[in-house]
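Trainee: Below you'll find the structure I mean.
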Amino acid sequence: MPTSYKVYKKNKGIDAMKKVDKQNRFATLKDVAALAGVSPVTVSRIYNPKWEGKVKEETVLKVKAAAKELGYFPNGIARSLNSNKTNSVAIVLGEKKSYIFEEALKKLTEKIQKSGRKVLFYVVNQKLSIEETINRVSEQRVDAIILTASATSSNILDYYSNIQIPIILFDRFIKNSNLSSVYCDGNMAAQNLVEYLVENNNKKIICISDDQESDRRNGFLKKMKELNLEPFQVYITEYSYNAAYELAKKFLNYSEVPDAVFCTSDIMAMAVIDAARIEYGLSVPEDFSVTGFDNVPFSGFKAYDLTSVGNPLEEMTISVMNLLEKITENPNIQIIEKFEMNLIKRSSVKIVN
């Protein structure tokens with residue numbers, strides 16, 4: 001049995017770890033309660049995120065001081081057994097990375113951890129298939145799965161339809177599914193961007209996309225069709241600066257330079273600008289306009305001053321957390337949260353007065 005509170009008071013000056021019964025490997029919640037002079041229930045509330053701000057600050061400080069002295073950490077396993085929840089969330093990632101993705105992941109992880117949950121990361125790649133990833137996630141009995149856009153495909157429902165764990169799609173929406181989703185309307189953002197280009201007399205427009213199924217590419221094609229315009233050319237390439245740079249070298253070598261180049265990411269747009277300047281001495285926007293997507297910090301640098309489209313990442317991650325609370329309580333509900341992207345106008349598009 002743990003040492004009583006009276007013994008603690010009597011031995012205040014000795015090594016703190018000796019105050020815990022030697023037969024116990026770890027200090028317990030009751031040990032902390034005894035040393036702090038409060039009830040075990042109070043200690044439990046202090047380590048429960050739902051009680052944050054509802055316990056007197058003086059009591060919180062006293063309990064945490066006792067916990068530090070004893071080397072106490074809340075027993076997550078015991079709590080999960082009591083609540084029938086593991087208090088953990090799996091985030092499934094794909095191989096494709098971007099600055100925006102990394103920023104979103106950082107914000108999400110911070111918020112999940114602050115809520116008192118554990119975060120488990122899984123990566124879908126050539127070595128670890130979707131099926132294997134699902135099996136591993138299911139074994140952990142997580143309370144919810146957050147599927148990022150880079151880890152999903154159009155046939156994602158074939159793999160996840162039989163899972164009993166609530167799923168949230170992040171930055172991806174799949175029609176006719178029962179999956180909850182928090183995403184940006186990339187299709188509409190692309191349409192607005194095309195409209196802006198055409199308003200400024202750009203009609204011969206090249207599209208560079210990193211995905212055949214991209215909402216951004218589809219939005220580009222839809223708006224061009226509505227405006228009775230044919231794309232100057234549509235290219236699919238890998239998401240990388242080097243791939244876009246080499247591609248730009250090829251199409252800029254043709255006799256006719258386009259009015260504009262519409263890229264589905266900023267990194268590809270910046271590669272096009274660099275290739276135009278370095279390889280052919282062309283100037284943006286004097287010779288042709290360039291637009292990107294995601295509004296990464298480098299896009300605002302003077303060397304590029306790139307017209308782009310930005311995601312409201314903070315609002316999106318807050319929405320994921322609110323949704324997480326709801327679907328872990330009621331796994332059968334479906335919630336869809338759609339956000340609009342913001343057009344950031346800079347000097348990479350030539351303005352027609």
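FYI, nothing fancy with the structure tokens labels: chains A, B, ... in order, residues from 1 per chain, ligands from 1 as they appear.
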Write out as a PyMOL selection string all residues of stretch 34-109 of chain A that backbone DSSP assigns to helix (DSSP H, G or I).
Mentor: chain A and resi 34-36+40-46+49-51+57-70+76-83+99-109
Trainee: Give me the residues near A:Val296 as a list in words, where near means some atom within 9 Å (using only C-alpha atoms) and where sequence neighbours in that chain fewer than 3 positions away do not count.
Mentor: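 Here the qualifying residues turn out to be Tyr99, Ile100, Asp266, Ile267, Phe293, Ser299, Gly300, Ser308 and Gly310 of chain A.
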Trainee: Would you pick out the contacts of stretch 181-191 of chain A at 6 Å or less, using only C-alpha atoms, so that residues sharing its chain but fewer than 5 positions from it are not included, and give the list as a PDB file with N, CA and C atoms, in the first residue's frame?
Mentor:
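Listed below is the output, part.pdb:
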ATOM      1  N   ILE A 168     -12.216  11.235 -40.145  1.00  0.00           N
ATOM      2  CA  ILE A 168     -12.322  12.622 -40.600  1.00  0.00           C
ATOM      3  C   ILE A 168     -11.359  12.805 -41.775  1.00  0.00           C
ATOM      4  N   LEU A 169     -11.886  13.243 -42.901  1.00  0.00           N
ATOM      5  CA  LEU A 169     -11.032  13.595 -44.033  1.00  0.00           C
ATOM      6  C   LEU A 169     -10.567  15.032 -43.855  1.00  0.00           C
ATOM      7  N   PHE A 170      -9.262  15.256 -43.963  1.00  0.00           N
ATOM      8  CA  PHE A 170      -8.737  16.616 -43.824  1.00  0.00           C
ATOM      9  C   PHE A 170      -8.256  17.116 -45.172  1.00  0.00           C
ATOM     10  N   ASP A 171      -8.823  18.257 -45.596  1.00  0.00           N
ATOM     11  CA  ASP A 171      -8.512  18.891 -46.875  1.00  0.00           C
ATOM     12  C   ASP A 171      -8.891  17.980 -48.049  1.00  0.00           C
ATOM     13  N   ARG A 172      -9.923  17.190 -47.856  1.00  0.00           N
ATOM     14  CA  ARG A 172     -10.424  16.316 -48.915  1.00  0.00           C
ATOM     15  C   ARG A 172     -11.910  16.062 -48.682  1.00  0.00           C
ATOM     16  N   PHE A 173     -12.683  16.042 -49.757  1.00  0.00           N
ATOM     17  CA  PHE A 173     -14.108  15.730 -49.665  1.00  0.00           C
ATOM     18  C   PHE A 173     -14.431  14.672 -50.712  1.00  0.00           C
ATOM     19  N   ASP A 215      -8.877  18.824 -57.714  1.00  0.00           N
ATOM     20  CA  ASP A 215     -10.011  19.760 -57.766  1.00  0.00           C
ATOM     21  C   ASP A 215      -9.588  21.071 -58.416  1.00  0.00           C
ATOM     22  N   ARG A 216      -8.349  21.441 -58.196  1.00  0.00           N
ATOM     23  CA  ARG A 216      -7.842  22.699 -58.751  1.00  0.00           C
ATOM     24  C   ARG A 216      -7.767  22.611 -60.279  1.00  0.00           C
ATOM     25  N   GLY A 219     -11.318  22.575 -61.588  1.00  0.00           N
ATOM     26  CA  GLY A 219     -11.899  23.910 -61.542  1.00  0.00           C
ATOM     27  C   GLY A 219     -11.394  24.777 -62.682  1.00  0.00           C
ATOM     28  N   PHE A 220     -10.108  24.646 -62.991  1.00  0.00           N
ATOM     29  CA  PHE A 220      -9.514  25.369 -64.124  1.00  0.00           C
ATOM     30  C   PHE A 220     -10.234  25.015 -65.423  1.00  0.00           C
ATOM     31  N   LYS A 223     -13.986  26.338 -65.586  1.00  0.00           N
ATOM     32  CA  LYS A 223     -14.149  27.771 -65.849  1.00  0.00           C
ATOM     33  C   LYS A 223     -13.727  28.130 -67.272  1.00  0.00           C
ATOM     34  N   ILE A 336     -19.847  17.837 -42.383  1.00  0.00           N
ATOM     35  CA  ILE A 336     -19.051  18.368 -43.489  1.00  0.00           C
ATOM     36  C   ILE A 336     -18.817  19.857 -43.248  1.00  0.00           C
ATOM     37  N   GLU A 337     -17.558  20.264 -43.223  1.00  0.00           N
ATOM     38  CA  GLU A 337     -17.206  21.680 -43.057  1.00  0.00           C
ATOM     39  C   GLU A 337     -16.394  22.125 -44.276  1.00  0.00           C
ATOM     40  N   LYS A 338     -16.962  23.050 -45.053  1.00  0.00           N
ATOM     41  CA  LYS A 338     -16.278  23.547 -46.249  1.00  0.00           C
ATOM     42  C   LYS A 338     -15.826  24.991 -46.036  1.00  0.00           C
ATOM     43  N   PHE A 339     -14.572  25.272 -46.393  1.00  0.00           N
ATOM     44  CA  PHE A 339     -14.017  26.609 -46.252  1.00  0.00           C
ATOM     45  C   PHE A 339     -13.658  27.180 -47.627  1.00  0.00           C
ATOM     46  N   GLU A 340     -13.824  28.490 -47.739  1.00  0.00           N
ATOM     47  CA  GLU A 340     -13.433  29.167 -48.973  1.00  0.00           C
ATOM     48  C   GLU A 340     -11.956  29.550 -48.897  1.00  0.00           C
ATOM     49  N   MET A 341     -11.279  29.510 -50.044  1.00  0.00           N
ATOM     50  CA  MET A 341      -9.880  29.930 -50.117  1.00  0.00           C
ATOM     51  C   MET A 341      -9.815  31.396 -50.527  1.00  0.00           C
TER      52      MET A 341
END
Trainee: Just want the 9 Å neighbourhood of stretch 112-127 of chain A, counted on only C-alpha atoms, with same-chain residues fewer than 6 positions away dropped. Output as number ranges by chain.
Mentor: A: 47-50, 86-95, 133, 136-137, 142, 150-151, 321
Trainee: The selected residues should be written to file as an mmCIF file, in the first residue's frame (atoms: C-alpha atoms).
Mentor:
data_model
loop_
_atom_site.group_PDB
_atom_site.id
_atom_site.type_symbol
_atom_site.label_atom_id
_atom_site.label_comp_id
_atom_site.auth_asym_id
_atom_site.auth_seq_id
_atom_site.Cartn_x
_atom_site.Cartn_y
_atom_site.Cartn_z
ATOM 1 C CA TYR A 47 -5.437 16.104 -15.111
ATOM 2 C CA ASN A 48 -8.688 16.038 -17.063
ATOM 3 C CA PRO A 49 -8.688 18.672 -19.894
ATOM 4 C CA LYS A 50 -12.466 19.074 -19.523
ATOM 5 C CA THR A 86 -7.852 4.865 -25.789
ATOM 6 C CA ASN A 87 -7.782 8.673 -25.809
ATOM 7 C CA SER A 88 -5.652 8.514 -28.954
ATOM 8 C CA VAL A 89 -6.057 9.744 -32.524
ATOM 9 C CA ALA A 90 -4.362 8.361 -35.638
ATOM 10 C CA ILE A 91 -3.231 10.730 -38.390
ATOM 11 C CA VAL A 92 -2.619 8.935 -41.680
ATOM 12 C CA LEU A 93 -0.181 10.687 -44.011
ATOM 13 C CA GLY A 94 0.875 10.239 -47.622
ATOM 14 C CA GLU A 95 4.313 10.621 -49.157
ATOM 15 C CA THR A 133 -1.954 0.875 -42.699
ATOM 16 C CA ARG A 136 -2.226 -1.333 -38.021
ATOM 17 C CA VAL A 137 -4.438 1.621 -37.120
ATOM 18 C CA VAL A 142 -7.828 4.609 -31.686
ATOM 19 C CA SER A 150 -2.143 13.062 -49.514
ATOM 20 C CA ALA A 151 -3.138 9.656 -48.074
ATOM 21 C CA MET A 321 -11.019 19.585 -33.163
#
Trainee: Find the spatial neighbours of A:Asn178, counting only C-alpha atoms, within a cut-off of 9 Å - ignore same-chain residues fewer than 4 positions away - and output them as JSON, numbers by chain.
Mentor: {"A": [161, 174, 332, 333, 334, 335]}
Trainee: Nearest to A:Asn242 among A:Ala275, A:Ile351, A:Val55, A:Tyr254, with distances taken over only C-alpha atoms: which residue is it?
Mentor: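 For A:Asn242, the nearest of the candidates is A:Ala275.
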